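Participant: The structure is given below, and queries will be raised subsequently.
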Amino acid sequence: MDLYSYDSASDLNQPGPIGGPYVFDAENHLISAGGMAYLYDGDGKRVGKAPASTPTQPNYLYWYGTGSQILEETNGAGNYLYEDFYFNGMLLARSESDNWVDHFFADALGNTRCVYGDSDPDGGCSDYYPFGGERPITNGGVNVPFKFTGKERDSESGLDNFGARYTSSDFGRFLSPDPDNAGASDDDPQSWNAYAYVSDNPLNMTDPDGRGGCDGRDPGGCIEVTANGPDDEILFSYSYKRIMLRQLSNAAQRANDLLHAAWDWYRTSRLDTTCLLASTVAGATAGASAGIEYGPAAQLALAPLTGGGSEFLGGPLGGAALGGLAGGLGGGSAGFMVGQIACRTGTGSGGGGGGNEHFKKARTRAGWDPNRVIQEGRKFKDSESGYTVHVDGNRVVITDPNNGDEPVTMFENSAANTQQRIQSGKWIPQ
Amino acid sequence: MDTPMTMYEAFDIWKRVSDKQLIRYRCFRNLETNRYAVQSSDRYSLPIDSKRVTFLEHQFLELLAESSPDERAATFESLSDAIVAHQRQFDEHPGLTR
């Protein structure tokens, strides 16, 4: 039998499913769990996480607007990690520091059911038990911390941050009593339980901020969810489509990178026309297949430009075709490139054989070779080694100018550290 | 974040990019928080350039002395998450290698 203990303010502090004991401050804020300390602003919003050993030195920060939703996440030095996008109160997407975007697909309750992102286009799918327990469906579940009703689940404790309070999906209730529950309604027994989540009606109600009851007395309390869920036209709003357009733009940029890589190879290689056609066709076919990944994004992105309908270029087919075009362009380039390699080295007469595999390798190459920091960053010369230093924000890439500007090392560096190196003469502006 | 008493375990993760190129991820584990961070990713190509090897060894110590791994990069509960985050920072999209 488990014995639970509570502090003097009735907060559950021992035991926890994981990450206990929990420590609360005088205002009932959870300030420590699972080896991490939490920091709050004057409005009670959690603004940072820090190792419990150094609780005043956060290594993760949350940035809010005027509302209660997180708009940006950074590391302790303020370096940008994620930017969060909402519509109608629902978290729809999260862009990363490299400008790629994870797209969230939510159900009527706002549960993050699937994620589509760049690091893994199948960002995982999850189902949820009524009180938030996660049931991974694919890829080990959604690979983001925003899970049950879109609230952040702390990996160190397993608790969901609802704002004013935290819930435990293992317990199916809050750890702290409702701060607005002082006047529980006599004629509503469910309201007597100050720890209950949405009056134990989790399939029909959600709680946006962790405070207030579900008996209608408190306009800031929980929200009833309609049986049909959010309207599709609202969910796929114009702003959401703008995000999708950004994703398509990224796909096109990637194809462009591959085209340049192919062109660079062509310039330095002997052209063999025998291989050209076969390699290009095989590569384009593989690329079009890969482009299907971008098809849905393209279709959604372009719909508002044509009146929001699905008529544009035959709807999904048109979108897939455009996505395929982007992928095909890259694939064709890749096929051309590897075809030339095959012909020049005598390892293949067709040149385009195994185009799909070659396309994958080419895409890897495009990510590894000329990257954004080198192209867009400020340039310095390292006075000791003669290497070229590229600085873009907090990102530093050092390349070897005597070896085709091949990358030597990559690391993050604070602005202060960069400035110190410049002032000391170690890095000389170019 | 570290304190003067914070201790770190340093170790390397290697990735063979091709039969001529290697990436060495310089990783750290904070012994107090048990969280991981990647300080840098260093590249080596055949033929091995001893000047580069020396430069990277020198840089490893220089970066560590300059800032703690916790301050230099975001920390993660798993090593793989830390490496993926580092790769994303530098456009080395791991997902595109599928």
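Going through the structure tokens in order, the chains are called A, B, and so on, while each chain numbers its residues from 1 and the ligands are numbered from 1 in the order shown.
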When you get a sec, could you note down which chain B residues fall within 10 Å of chain A, using only C-alpha atoms, as a ChimeraX atom specification?

Facilitator: /B:1-3,6,17-18,23-26,32-35,38-45,51-56,59,63,66-67,69-75,77,84-98

Participant: Tell me, as a ChimeraX atom specification, which residues lie within 10 Å of Phe85 of chain A, counting only C-alpha atoms; anything in the same chain fewer than 2 positions away does not count.

Facilitator: /A:69-72,82-83,87,89-95,101,103-104,239-240,243

Participant: What would the file look like if the residues just selected were written as a tab-separated table (two decimals), in the first residue's frame with C-alpha atoms?

Facilitator:
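So selection-v4.tsv came out as:
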chain	number	residue	atom	x	y	z
A	69	GLN	CA	0.99	30.64	-23.77
A	70	ILE	CA	4.70	30.04	-24.29
A	71	LEU	CA	5.86	31.93	-27.36
A	72	GLU	CA	9.54	31.06	-27.31
A	82	TYR	CA	11.96	26.88	-30.23
A	83	GLU	CA	9.20	29.26	-31.29
A	87	PHE	CA	-4.40	29.26	-33.24
A	89	GLY	CA	-5.66	28.56	-28.14
A	90	MET	CA	-4.29	25.38	-29.66
A	91	LEU	CA	-0.58	24.70	-30.19
A	92	LEU	CA	-0.22	24.00	-33.91
A	93	ALA	CA	3.47	24.14	-34.64
A	94	ARG	CA	6.88	24.66	-33.14
A	95	SER	CA	9.75	26.02	-35.20
A	101	VAL	CA	8.98	23.41	-38.20
A	103	HIS	CA	3.62	20.41	-37.04
A	104	PHE	CA	1.20	19.21	-34.39
A	239	SER	CA	-1.81	31.39	-40.27
A	240	TYR	CA	-1.33	27.65	-40.12
A	243	ILE	CA	3.62	27.81	-41.55

Participant: Quick one: everything within 7 Å of Phe148 of chain A, counting only C-alpha atoms, minus sequence neighbours fewer than 6 positions away in the same chain. Send it as a PyMOL selection string.

Facilitator: chain A and resi 111-112+132

Participant: Would you mind writing down, as a list in words, each residue of segment 39-80 of chain B that DSSP on the backbone assigns to strand (DSSP E or B)?

Facilitator: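 Strand (DSSP E or B) members of segment 39-80 of chain B, listed: Gln39, Ser40, Ser41, Asp42, Arg43, Tyr44, Ser45 and Phe76 of chain B.
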
Participant: Please, what distance in Å, to one decimal, runs between atom CA of Asp81 of chain B and atom CA of Gly20 of chain A?

Facilitator: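 Separation between atom CA of Asp81 of chain B and atom CA of Gly20 of chain A: 23.6 Å.
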
Participant: Do you have the atom CA of Gln423 of chain A-atom CA of Leu61 of chain A distance handy?

Facilitator: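 It comes out at 29.5 Å.
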
Participant: Report the residues of chain B whose backbone DSSP state falls under alpha helix (DSSP H), written as an MDAnalysis selection string.

Facilitator: chainID B and resid 50:66 69:72 79:89

Participant: Any chance you could export the current selection's N, CA and C atoms as an mmCIF file, in the first residue's frame?

Facilitator:
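Resulting contents of result_4.cif:
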data_model
loop_
_atom_site.group_PDB
_atom_site.id
_atom_site.type_symbol
_atom_site.label_atom_id
_atom_site.label_comp_id
_atom_site.auth_asym_id
_atom_site.auth_seq_id
_atom_site.Cartn_x
_atom_site.Cartn_y
_atom_site.Cartn_z
ATOM 1 N N SER B 50 47.868 16.406 -39.179
ATOM 2 C CA SER B 50 48.273 16.477 -37.768
ATOM 3 C C SER B 50 48.063 17.875 -37.195
ATOM 4 N N LYS B 51 48.133 18.872 -38.056
ATOM 5 C CA LYS B 51 47.885 20.243 -37.594
ATOM 6 C C LYS B 51 46.437 20.384 -37.117
ATOM 7 N N ARG B 52 45.524 19.764 -37.861
ATOM 8 C CA ARG B 52 44.127 19.820 -37.471
ATOM 9 C C ARG B 52 43.888 19.060 -36.170
ATOM 10 N N VAL B 53 44.510 17.904 -36.047
ATOM 11 C CA VAL B 53 44.343 17.111 -34.819
ATOM 12 C C VAL B 53 44.789 17.917 -33.607
ATOM 13 N N THR B 54 45.943 18.551 -33.738
ATOM 14 C CA THR B 54 46.457 19.365 -32.633
ATOM 15 C C THR B 54 45.519 20.531 -32.337
ATOM 16 N N PHE B 55 45.063 21.178 -33.399
ATOM 17 C CA PHE B 55 44.154 22.318 -33.228
ATOM 18 C C PHE B 55 42.891 21.898 -32.474
ATOM 19 N N LEU B 56 42.329 20.752 -32.844
ATOM 20 C CA LEU B 56 41.076 20.320 -32.227
ATOM 21 C C LEU B 56 41.266 19.890 -30.767
ATOM 22 N N GLU B 57 42.398 19.269 -30.467
ATOM 23 C CA GLU B 57 42.672 18.914 -29.070
ATOM 24 C C GLU B 57 42.832 20.178 -28.227
ATOM 25 N N HIS B 58 43.520 21.145 -28.803
ATOM 26 C CA HIS B 58 43.709 22.422 -28.111
ATOM 27 C C HIS B 58 42.353 23.096 -27.891
ATOM 28 N N GLN B 59 41.542 23.094 -28.931
ATOM 29 C CA GLN B 59 40.239 23.747 -28.843
ATOM 30 C C GLN B 59 39.326 23.079 -27.810
ATOM 31 N N PHE B 60 39.404 21.745 -27.731
ATOM 32 C CA PHE B 60 38.580 21.004 -26.772
ATOM 33 C C PHE B 60 38.793 21.548 -25.356
ATOM 34 N N LEU B 61 40.050 21.700 -24.977
ATOM 35 C CA LEU B 61 40.359 22.191 -23.634
ATOM 36 C C LEU B 61 39.993 23.671 -23.490
ATOM 37 N N GLU B 62 40.227 24.410 -24.556
ATOM 38 C CA GLU B 62 39.950 25.843 -24.523
ATOM 39 C C GLU B 62 38.450 26.104 -24.328
ATOM 40 N N LEU B 63 37.633 25.398 -25.076
ATOM 41 C CA LEU B 63 36.186 25.590 -24.953
ATOM 42 C C LEU B 63 35.695 25.184 -23.567
ATOM 43 N N LEU B 64 36.225 24.077 -23.052
ATOM 44 C CA LEU B 64 35.784 23.596 -21.742
ATOM 45 C C LEU B 64 36.165 24.576 -20.641
ATOM 46 N N ALA B 65 37.378 25.119 -20.747
ATOM 47 C CA ALA B 65 37.807 26.082 -19.727
ATOM 48 C C ALA B 65 37.013 27.380 -19.817
ATOM 49 N N GLU B 66 36.679 27.749 -21.025
ATOM 50 C CA GLU B 66 35.994 29.017 -21.278
ATOM 51 C C GLU B 66 34.568 29.013 -20.722
ATOM 52 N N PRO B 69 30.076 22.983 -20.203
ATOM 53 C CA PRO B 69 29.239 22.398 -21.262
ATOM 54 C C PRO B 69 27.763 22.771 -21.094
ATOM 55 N N ASP B 70 27.314 22.909 -19.829
ATOM 56 C CA ASP B 70 25.917 23.276 -19.560
ATOM 57 C C ASP B 70 25.588 24.660 -20.081
ATOM 58 N N GLU B 71 26.568 25.547 -19.983
ATOM 59 C CA GLU B 71 26.335 26.921 -20.434
ATOM 60 C C GLU B 71 26.467 27.041 -21.941
ATOM 61 N N ARG B 72 27.359 26.265 -22.498
ATOM 62 C CA ARG B 72 27.629 26.400 -23.936
ATOM 63 C C ARG B 72 26.479 25.859 -24.769
ATOM 64 N N LEU B 79 21.636 11.085 -24.429
ATOM 65 C CA LEU B 79 22.761 11.458 -25.268
ATOM 66 C C LEU B 79 22.304 11.678 -26.706
ATOM 67 N N SER B 80 21.407 10.807 -27.170
ATOM 68 C CA SER B 80 20.968 10.935 -28.564
ATOM 69 C C SER B 80 20.238 12.252 -28.782
ATOM 70 N N ASP B 81 19.437 12.681 -27.807
ATOM 71 C CA ASP B 81 18.748 13.971 -27.948
ATOM 72 C C ASP B 81 19.750 15.113 -28.029
ATOM 73 N N ALA B 82 20.803 15.021 -27.241
ATOM 74 C CA ALA B 82 21.818 16.079 -27.240
ATOM 75 C C ALA B 82 22.518 16.158 -28.597
ATOM 76 N N ILE B 83 22.823 15.004 -29.160
ATOM 77 C CA ILE B 83 23.503 14.997 -30.456
ATOM 78 C C ILE B 83 22.580 15.507 -31.556
ATOM 79 N N VAL B 84 21.318 15.064 -31.526
ATOM 80 C CA VAL B 84 20.366 15.532 -32.543
ATOM 81 C C VAL B 84 20.202 17.049 -32.456
ATOM 82 N N ALA B 85 20.131 17.574 -31.238
ATOM 83 C CA ALA B 85 19.981 19.030 -31.072
ATOM 84 C C ALA B 85 21.200 19.754 -31.646
ATOM 85 N N HIS B 86 22.372 19.189 -31.414
ATOM 86 C CA HIS B 86 23.583 19.805 -31.964
ATOM 87 C C HIS B 86 23.557 19.762 -33.491
ATOM 88 N N GLN B 87 23.146 18.638 -34.033
ATOM 89 C CA GLN B 87 23.087 18.511 -35.493
ATOM 90 C C GLN B 87 22.126 19.534 -36.078
ATOM 91 N N ARG B 88 20.998 19.719 -35.414
ATOM 92 C CA ARG B 88 20.018 20.676 -35.921
ATOM 93 C C ARG B 88 20.577 22.097 -35.901
ATOM 94 N N GLN B 89 21.353 22.393 -34.890
ATOM 95 C CA GLN B 89 21.930 23.729 -34.796
ATOM 96 C C GLN B 89 22.767 24.061 -36.021
#

Participant: Phe28 of chain B: which residues within 7 Å, counting only C-alpha atoms, same-chain residues fewer than 6 positions away excluded, as a list in words?

Facilitator: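 Surrounding residues, per the criterion: Tyr8, Glu9, Ala10, Phe11, Tyr36, Ala37, Val38 and Pro69 of chain B.
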
Participant: Interatomic distance between atom CA of Trp14 of chain B and atom CA of Val144 of chain A?

Facilitator: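 Going from atom CA of Trp14 of chain B over to atom CA of Val144 of chain A, I get 26.2 Å.
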